[in-house]
Amino acid sequence: MKKLNWDLYLITEEKLSAGRSTLEVVREAVDGGVDVIQLREKNLPLRERFRLGQEIKKITEQTDIDFIVNDRVDLALALDADGVHLGQSDLPLIEARRILGEDKIIGISGHTFKEIELAERDGADYLGVGAVFSTDSKQVDSSKDGIGPAGITKISEKSNLPIIAIGGLNKDNCCQVIESGADTISVISAITKAANISEETKIFKDRIISAKRGAIKNGIN
Ligand SMILES: Cc1ncc(COP(=O)(O)OP(=O)(O)O)c(N)n1
Ligand SMILES: Cc1ncsc1CCOP(=O)(O)O
Ligand SMILES: [Mg+2]
């Protein structure tokens with residue numbers, strides 16, 4: 001299993017970025033210490049997503065920050081990204097692994113115990129789990145209020161994969177989610193909508209690191 005030393009994971013969405021471009025958001029988040037960036041931009045035509053991905057990669061490749069592409073294995077391959085994040089209706093994990101090879105990171109969204117079991121069996125590198133709390137950034141199938149920190153605990157007890165929590169997370173609730181068993185906090189709006197992205201990212205990351213120290217001390221993570 002790959003060792004992912006990720007605390008804070010930013011998912012881009014220009015339409016949720018308070019009038020700023022995704023590249024501006026990415027630059028500021030990089031400055032603030034984000035660990036991984038996912039190109040999402042669901043509504044952008046593939047050609048434009050590719051061009052934007054090229055610009056994001058130019059930034060991340062000069063750093064230790066990982067660059068992940070949402071949904072599309074072809075785009076991840078074309079951009080030579082560090083990996084892909086798959087949903088349950090994207091290309092099956094086994095096919096994605098065959099195409100991308102062993103070195104690329106493949107994350108997958110998992111909700112049910114069956115999905116989680118299959119993710120592990122088929123060689124996922126991490127699980128995206130949520131929505132933890134309610135969110136306006138995506139319409140989610142699970143309960144409107146989210147699975148809550150207790151849902152994260154249940155899944156982390158079932159799975160050996162790193163747990164990337166998502167949905168309604170911010171710097172005020174991230175510690176509770178880490179203490180519940182998440183390894184990484186992933187966000188769209190808490191960073192893309194922040195007035196001062198770089199400052200927000202720094203505070204956010206410091207809190208996650210402190211919560212992890214506490215969780216290690218208490219034997220949770
Ligand atoms: C880190 C992370 N976790 C979960 C998701 C959600 O993926 P998916 O279920 O495919 O939904 P979309 O983001 O594609 O709408 C994610 N993107 N990243
Ligand atoms: C993509 C996604 N998948 C589950 S919730 C969500 C949206 C997360 O956005 P936010 O961090 O703004 O709640
Ligand atoms: Mg998806």
# chains A, B, ... in the order shown; residues from 1 in each chain; ligands from 1
call {"tool": "residues_near_ligand", "arguments": {"ligand": "ligand 1", "cutoff": "6 Å", "atoms": "only C-alpha atoms and all ligand atoms", "output": "list in words"}}
result
Asn70, Asp71, Leu86, Gly87, Ser109, Gly128, Val129, Ile164, Ile166 and Ser186 of chain A
call {"tool": "residues_near_ligand", "arguments": {"ligand": "ligand 2", "cutoff": "7 Å", "atoms": "only C-alpha atoms and all ligand atoms", "output": "compact mmCIF listing (two decimals) with N, CA and C atoms, in the first residue's frame"}}
result
# COMPACT_ATOMS: atom_id res chain seq x y z
N GLY A 130 -17.91 10.02 2.45
CA GLY A 130 -18.78 11.12 2.83
C GLY A 130 -20.11 11.02 2.13
N ALA A 131 -20.88 12.05 2.14
CA ALA A 131 -20.59 13.31 2.80
C ALA A 131 -20.68 13.14 4.32
N THR A 135 -23.80 19.48 2.74
CA THR A 135 -23.00 20.34 1.87
C THR A 135 -23.87 20.90 0.75
N ASP A 136 -23.54 22.10 0.32
CA ASP A 136 -24.24 22.69 -0.84
C ASP A 136 -23.42 22.48 -2.11
N SER A 137 -22.26 21.86 -2.00
CA SER A 137 -21.36 21.77 -3.16
C SER A 137 -21.68 20.60 -4.07
N LYS A 138 -22.47 19.62 -3.57
CA LYS A 138 -22.85 18.47 -4.39
C LYS A 138 -24.13 17.87 -3.82
N VAL A 140 -25.92 14.87 -2.70
CA VAL A 140 -25.45 13.53 -2.30
C VAL A 140 -26.62 12.58 -2.07
N ILE A 166 -14.87 13.66 3.35
CA ILE A 166 -15.33 14.74 2.46
C ILE A 166 -16.77 15.14 2.80
N GLY A 167 -17.08 16.40 2.53
CA GLY A 167 -18.46 16.86 2.62
C GLY A 167 -18.75 17.71 3.84
N GLY A 168 -18.86 19.02 3.62
CA GLY A 168 -19.23 19.93 4.70
C GLY A 168 -18.13 20.15 5.72
N LEU A 169 -16.89 19.88 5.32
CA LEU A 169 -15.78 19.99 6.29
C LEU A 169 -15.17 21.38 6.25
N SER A 186 -10.73 16.41 3.05
CA SER A 186 -10.80 16.99 1.70
C SER A 186 -11.96 17.98 1.63
N VAL A 187 -11.69 19.07 0.92
CA VAL A 187 -12.69 20.15 0.87
C VAL A 187 -12.74 20.80 -0.49
N ILE A 188 -13.94 21.30 -0.79
CA ILE A 188 -14.06 22.26 -1.89
C ILE A 188 -14.23 23.64 -1.23
N SER A 189 -15.46 23.95 -0.79
CA SER A 189 -15.81 25.33 -0.47
C SER A 189 -15.06 25.95 0.70
N ALA A 190 -14.65 25.15 1.67
CA ALA A 190 -13.96 25.76 2.83
C ALA A 190 -12.69 26.46 2.38
call {"tool": "select_by_dssp", "arguments": {"residues": "range 83-190 of chain A", "states": "alpha helix (DSSP H)", "output": "VMD selection string"}}
result
chain A and resid 93 to 100 113 to 121 148 to 158 174 to 179 189 to 190
call {"tool": "write_last_selection", "arguments": {"atoms": "N, CA and C atoms", "output": "mmCIF file, in the first residue's frame"}}
result
data_model
loop_
_atom_site.group_PDB
_atom_site.id
_atom_site.type_symbol
_atom_site.label_atom_id
_atom_site.label_comp_id
_atom_site.auth_asym_id
_atom_site.auth_seq_id
_atom_site.Cartn_x
_atom_site.Cartn_y
_atom_site.Cartn_z
ATOM 1 N N LEU A 93 -12.217 -0.013 -11.018
ATOM 2 C CA LEU A 93 -10.879 0.139 -10.434
ATOM 3 C C LEU A 93 -9.833 -0.767 -11.108
ATOM 4 N N ILE A 94 -10.208 -2.002 -11.383
ATOM 5 C CA ILE A 94 -9.249 -2.949 -11.975
ATOM 6 C C ILE A 94 -8.791 -2.458 -13.353
ATOM 7 N N GLU A 95 -9.728 -1.904 -14.128
ATOM 8 C CA GLU A 95 -9.368 -1.388 -15.462
ATOM 9 C C GLU A 95 -8.500 -0.142 -15.335
ATOM 10 N N ALA A 96 -8.876 0.711 -14.390
ATOM 11 C CA ALA A 96 -8.096 1.937 -14.176
ATOM 12 C C ALA A 96 -6.661 1.573 -13.792
ATOM 13 N N ARG A 97 -6.524 0.565 -12.924
ATOM 14 C CA ARG A 97 -5.173 0.139 -12.490
ATOM 15 C C ARG A 97 -4.388 -0.433 -13.668
ATOM 16 N N ARG A 98 -5.080 -1.205 -14.509
ATOM 17 C CA ARG A 98 -4.413 -1.811 -15.663
ATOM 18 C C ARG A 98 -3.886 -0.701 -16.595
ATOM 19 N N ILE A 99 -4.668 0.343 -16.759
ATOM 20 C CA ILE A 99 -4.273 1.429 -17.661
ATOM 21 C C ILE A 99 -3.184 2.315 -17.028
ATOM 22 N N LEU A 100 -3.360 2.633 -15.755
ATOM 23 C CA LEU A 100 -2.455 3.618 -15.133
ATOM 24 C C LEU A 100 -1.186 2.993 -14.552
ATOM 25 N N PHE A 113 -20.399 -1.110 2.913
ATOM 26 C CA PHE A 113 -19.314 -2.017 3.317
ATOM 27 C C PHE A 113 -18.847 -2.849 2.125
ATOM 28 N N LYS A 114 -19.795 -3.190 1.221
ATOM 29 C CA LYS A 114 -19.438 -3.980 0.031
ATOM 30 C C LYS A 114 -18.452 -3.180 -0.850
ATOM 31 N N GLU A 115 -18.781 -1.894 -1.090
ATOM 32 C CA GLU A 115 -17.903 -1.051 -1.931
ATOM 33 C C GLU A 115 -16.513 -0.925 -1.310
ATOM 34 N N ILE A 116 -16.510 -0.840 0.001
ATOM 35 C CA ILE A 116 -15.234 -0.672 0.712
ATOM 36 C C ILE A 116 -14.387 -1.944 0.618
ATOM 37 N N GLU A 117 -15.063 -3.066 0.754
ATOM 38 C CA GLU A 117 -14.391 -4.367 0.650
ATOM 39 C C GLU A 117 -13.792 -4.539 -0.760
ATOM 40 N N LEU A 118 -14.577 -4.174 -1.777
ATOM 41 C CA LEU A 118 -14.107 -4.324 -3.163
ATOM 42 C C LEU A 118 -12.953 -3.362 -3.465
ATOM 43 N N ALA A 119 -13.032 -2.163 -2.917
ATOM 44 C CA ALA A 119 -11.967 -1.173 -3.132
ATOM 45 C C ALA A 119 -10.639 -1.739 -2.632
ATOM 46 N N GLU A 120 -10.699 -2.365 -1.473
ATOM 47 C CA GLU A 120 -9.494 -2.931 -0.876
ATOM 48 C C GLU A 120 -9.003 -4.124 -1.708
ATOM 49 N N ARG A 121 -9.931 -4.970 -2.071
ATOM 50 C CA ARG A 121 -9.569 -6.175 -2.846
ATOM 51 C C ARG A 121 -8.947 -5.794 -4.185
ATOM 52 N N GLY A 148 -21.889 11.728 9.301
ATOM 53 C CA GLY A 148 -21.394 12.177 10.605
ATOM 54 C C GLY A 148 -20.059 11.542 10.970
ATOM 55 N N PRO A 149 -19.415 12.072 12.000
ATOM 56 C CA PRO A 149 -18.145 11.492 12.463
ATOM 57 C C PRO A 149 -18.290 10.015 12.828
ATOM 58 N N ALA A 150 -19.476 9.612 13.309
ATOM 59 C CA ALA A 150 -19.681 8.202 13.681
ATOM 60 C C ALA A 150 -19.585 7.306 12.448
ATOM 61 N N GLY A 151 -20.032 7.825 11.284
ATOM 62 C CA GLY A 151 -19.930 7.070 10.029
ATOM 63 C C GLY A 151 -18.475 6.877 9.633
ATOM 64 N N ILE A 152 -17.668 7.879 9.871
ATOM 65 C CA ILE A 152 -16.223 7.772 9.580
ATOM 66 C C ILE A 152 -15.606 6.699 10.481
ATOM 67 N N THR A 153 -15.980 6.695 11.735
ATOM 68 C CA THR A 153 -15.426 5.697 12.661
ATOM 69 C C THR A 153 -15.774 4.282 12.206
ATOM 70 N N LYS A 154 -17.047 4.085 11.833
ATOM 71 C CA LYS A 154 -17.480 2.741 11.409
ATOM 72 C C LYS A 154 -16.651 2.263 10.221
ATOM 73 N N ILE A 155 -16.473 3.151 9.230
ATOM 74 C CA ILE A 155 -15.744 2.753 8.017
ATOM 75 C C ILE A 155 -14.261 2.554 8.329
ATOM 76 N N SER A 156 -13.696 3.420 9.149
ATOM 77 C CA SER A 156 -12.263 3.271 9.441
ATOM 78 C C SER A 156 -11.994 1.981 10.218
ATOM 79 N N GLU A 157 -12.978 1.524 10.959
ATOM 80 C CA GLU A 157 -12.787 0.257 11.686
ATOM 81 C C GLU A 157 -12.886 -0.954 10.753
ATOM 82 N N LYS A 158 -13.565 -0.766 9.619
ATOM 83 C CA LYS A 158 -13.766 -1.855 8.658
ATOM 84 C C LYS A 158 -12.637 -1.952 7.637
ATOM 85 N N CYS A 174 -12.908 19.978 11.460
ATOM 86 C CA CYS A 174 -11.958 18.980 10.951
ATOM 87 C C CYS A 174 -11.328 18.139 12.069
ATOM 88 N N CYS A 175 -11.109 18.739 13.238
ATOM 89 C CA CYS A 175 -10.425 17.997 14.311
ATOM 90 C C CYS A 175 -11.279 16.816 14.766
ATOM 91 N N GLN A 176 -12.558 17.069 14.885
ATOM 92 C CA GLN A 176 -13.499 16.022 15.305
ATOM 93 C C GLN A 176 -13.490 14.847 14.299
ATOM 94 N N VAL A 177 -13.349 15.194 13.020
ATOM 95 C CA VAL A 177 -13.393 14.167 11.971
ATOM 96 C C VAL A 177 -12.088 13.355 11.971
ATOM 97 N N ILE A 178 -10.972 14.027 12.224
ATOM 98 C CA ILE A 178 -9.689 13.308 12.358
ATOM 99 C C ILE A 178 -9.749 12.396 13.589
ATOM 100 N N GLU A 179 -10.253 12.951 14.674
ATOM 101 C CA GLU A 179 -10.337 12.150 15.915
ATOM 102 C C GLU A 179 -11.258 10.942 15.746
ATOM 103 N N SER A 189 -15.456 23.947 -0.789
ATOM 104 C CA SER A 189 -15.813 25.332 -0.473
ATOM 105 C C SER A 189 -15.063 25.953 0.697
ATOM 106 N N ALA A 190 -14.648 25.155 1.674
ATOM 107 C CA ALA A 190 -13.962 25.758 2.826
ATOM 108 C C ALA A 190 -12.688 26.465 2.382
#
call {"tool": "residues_around", "arguments": {"residues": "Asp183 in chain A", "least_positions_apart": "2", "cutoff": "8 Å", "atoms": "only C-alpha atoms", "output": "list in words"}}
result
Trp6, Asp7, Pro162, Ile163, Ile164, Ala165, Ile178, Gly181, Ile185 and Asn221 of chain A
call {"tool": "closest_residue", "arguments": {"among": "A:Gly101, A:Gly214, A:Gly146, A:Pro92", "to": "ligand 3", "atoms": "only C-alpha atoms and all ligand atoms"}}
result
A:Pro92
call {"tool": "residues_around", "arguments": {"residues": "range 195-201 of chain A", "least_positions_apart": "2", "cutoff": "10 Å", "atoms": "only C-alpha atoms", "output": "PyMOL selection string"}}
result
chain A and resi 8+10+17-18+24-34+170-171+190-193+203-207
call {"tool": "write_last_selection", "arguments": {"atoms": "C-alpha atoms", "output": "compact mmCIF listing (two decimals), in the first residue's frame"}}
result
# COMPACT_ATOMS: atom_id res chain seq x y z
CA LEU A 8 -5.40 18.54 3.58
CA LEU A 10 -8.24 20.52 -2.07
CA SER A 17 -14.50 30.12 -6.00
CA ALA A 18 -16.07 33.52 -5.35
CA GLU A 24 -5.53 31.58 -8.45
CA VAL A 25 -7.13 29.30 -5.83
CA VAL A 26 -4.54 26.59 -6.49
CA ARG A 27 -1.59 29.01 -6.20
CA GLU A 28 -2.83 30.36 -2.88
CA ALA A 29 -3.62 26.92 -1.48
CA VAL A 30 -0.15 25.73 -2.48
CA ASP A 31 1.28 28.73 -0.69
CA GLY A 32 -0.75 27.79 2.40
CA GLY A 33 0.57 24.20 2.47
CA VAL A 34 -2.12 22.02 0.90
CA ASN A 170 -14.07 23.14 7.50
CA LYS A 171 -11.42 24.29 9.95
CA ALA A 190 -13.96 25.76 2.83
CA ILE A 191 -10.93 26.71 0.75
CA THR A 192 -12.35 27.88 -2.60
CA LYS A 193 -14.73 30.33 -0.89
CA ILE A 203 -4.74 27.46 9.84
CA PHE A 204 -6.69 24.46 8.53
CA LYS A 205 -3.56 22.37 8.08
CA ASP A 206 -2.13 23.28 11.48
CA ARG A 207 -5.37 22.17 13.12
call {"tool": "select_by_dssp", "arguments": {"residues": "range 72-217 of chain A", "states": "strand (DSSP E or B)", "output": "ChimeraX atom specification"}}
result
/A:83-86,105-109,126-130,163-166,184-187
call {"tool": "closest_residue", "arguments": {"among": "A:Ser180, A:Ser134, A:Gln38, A:Thr60", "to": "ligand 3", "atoms": "only C-alpha atoms and all ligand atoms"}}
result
A:Gln38
call {"tool": "closest_residue", "arguments": {"among": "A:Arg213, A:Lys202, A:Arg40, A:Lys144", "to": "ligand 3", "atoms": "only C-alpha atoms and all ligand atoms"}}
result
A:Arg40
call {"tool": "closest_residue", "arguments": {"among": "A:Asp90, A:Asp82, A:Glu48, A:Glu14", "to": "ligand 3", "atoms": "only C-alpha atoms and all ligand atoms"}}
result
A:Asp90
call {"tool": "closest_residue", "arguments": {"among": "A:Leu44, A:Ala124, A:Val132, A:Val84", "to": "ligand 3", "atoms": "only C-alpha atoms and all ligand atoms"}}
result
A:Val84
call {"tool": "closest_residue", "arguments": {"among": "A:Ile108, A:Lys2, A:Leu46, A:Lys15", "to": "ligand 3", "atoms": "only C-alpha atoms and all ligand atoms"}}
result
A:Ile108
call {"tool": "atom_distance", "arguments": {"atom1": "CA of Phe67 in chain A", "atom2": "CA of Ala81 in chain A"}}
result
5.6 Å
call {"tool": "atom_distance", "arguments": {"atom1": "CA of Gly83 in chain A", "atom2": "CA of Leu161 in chain A"}}
result
15.9 Å
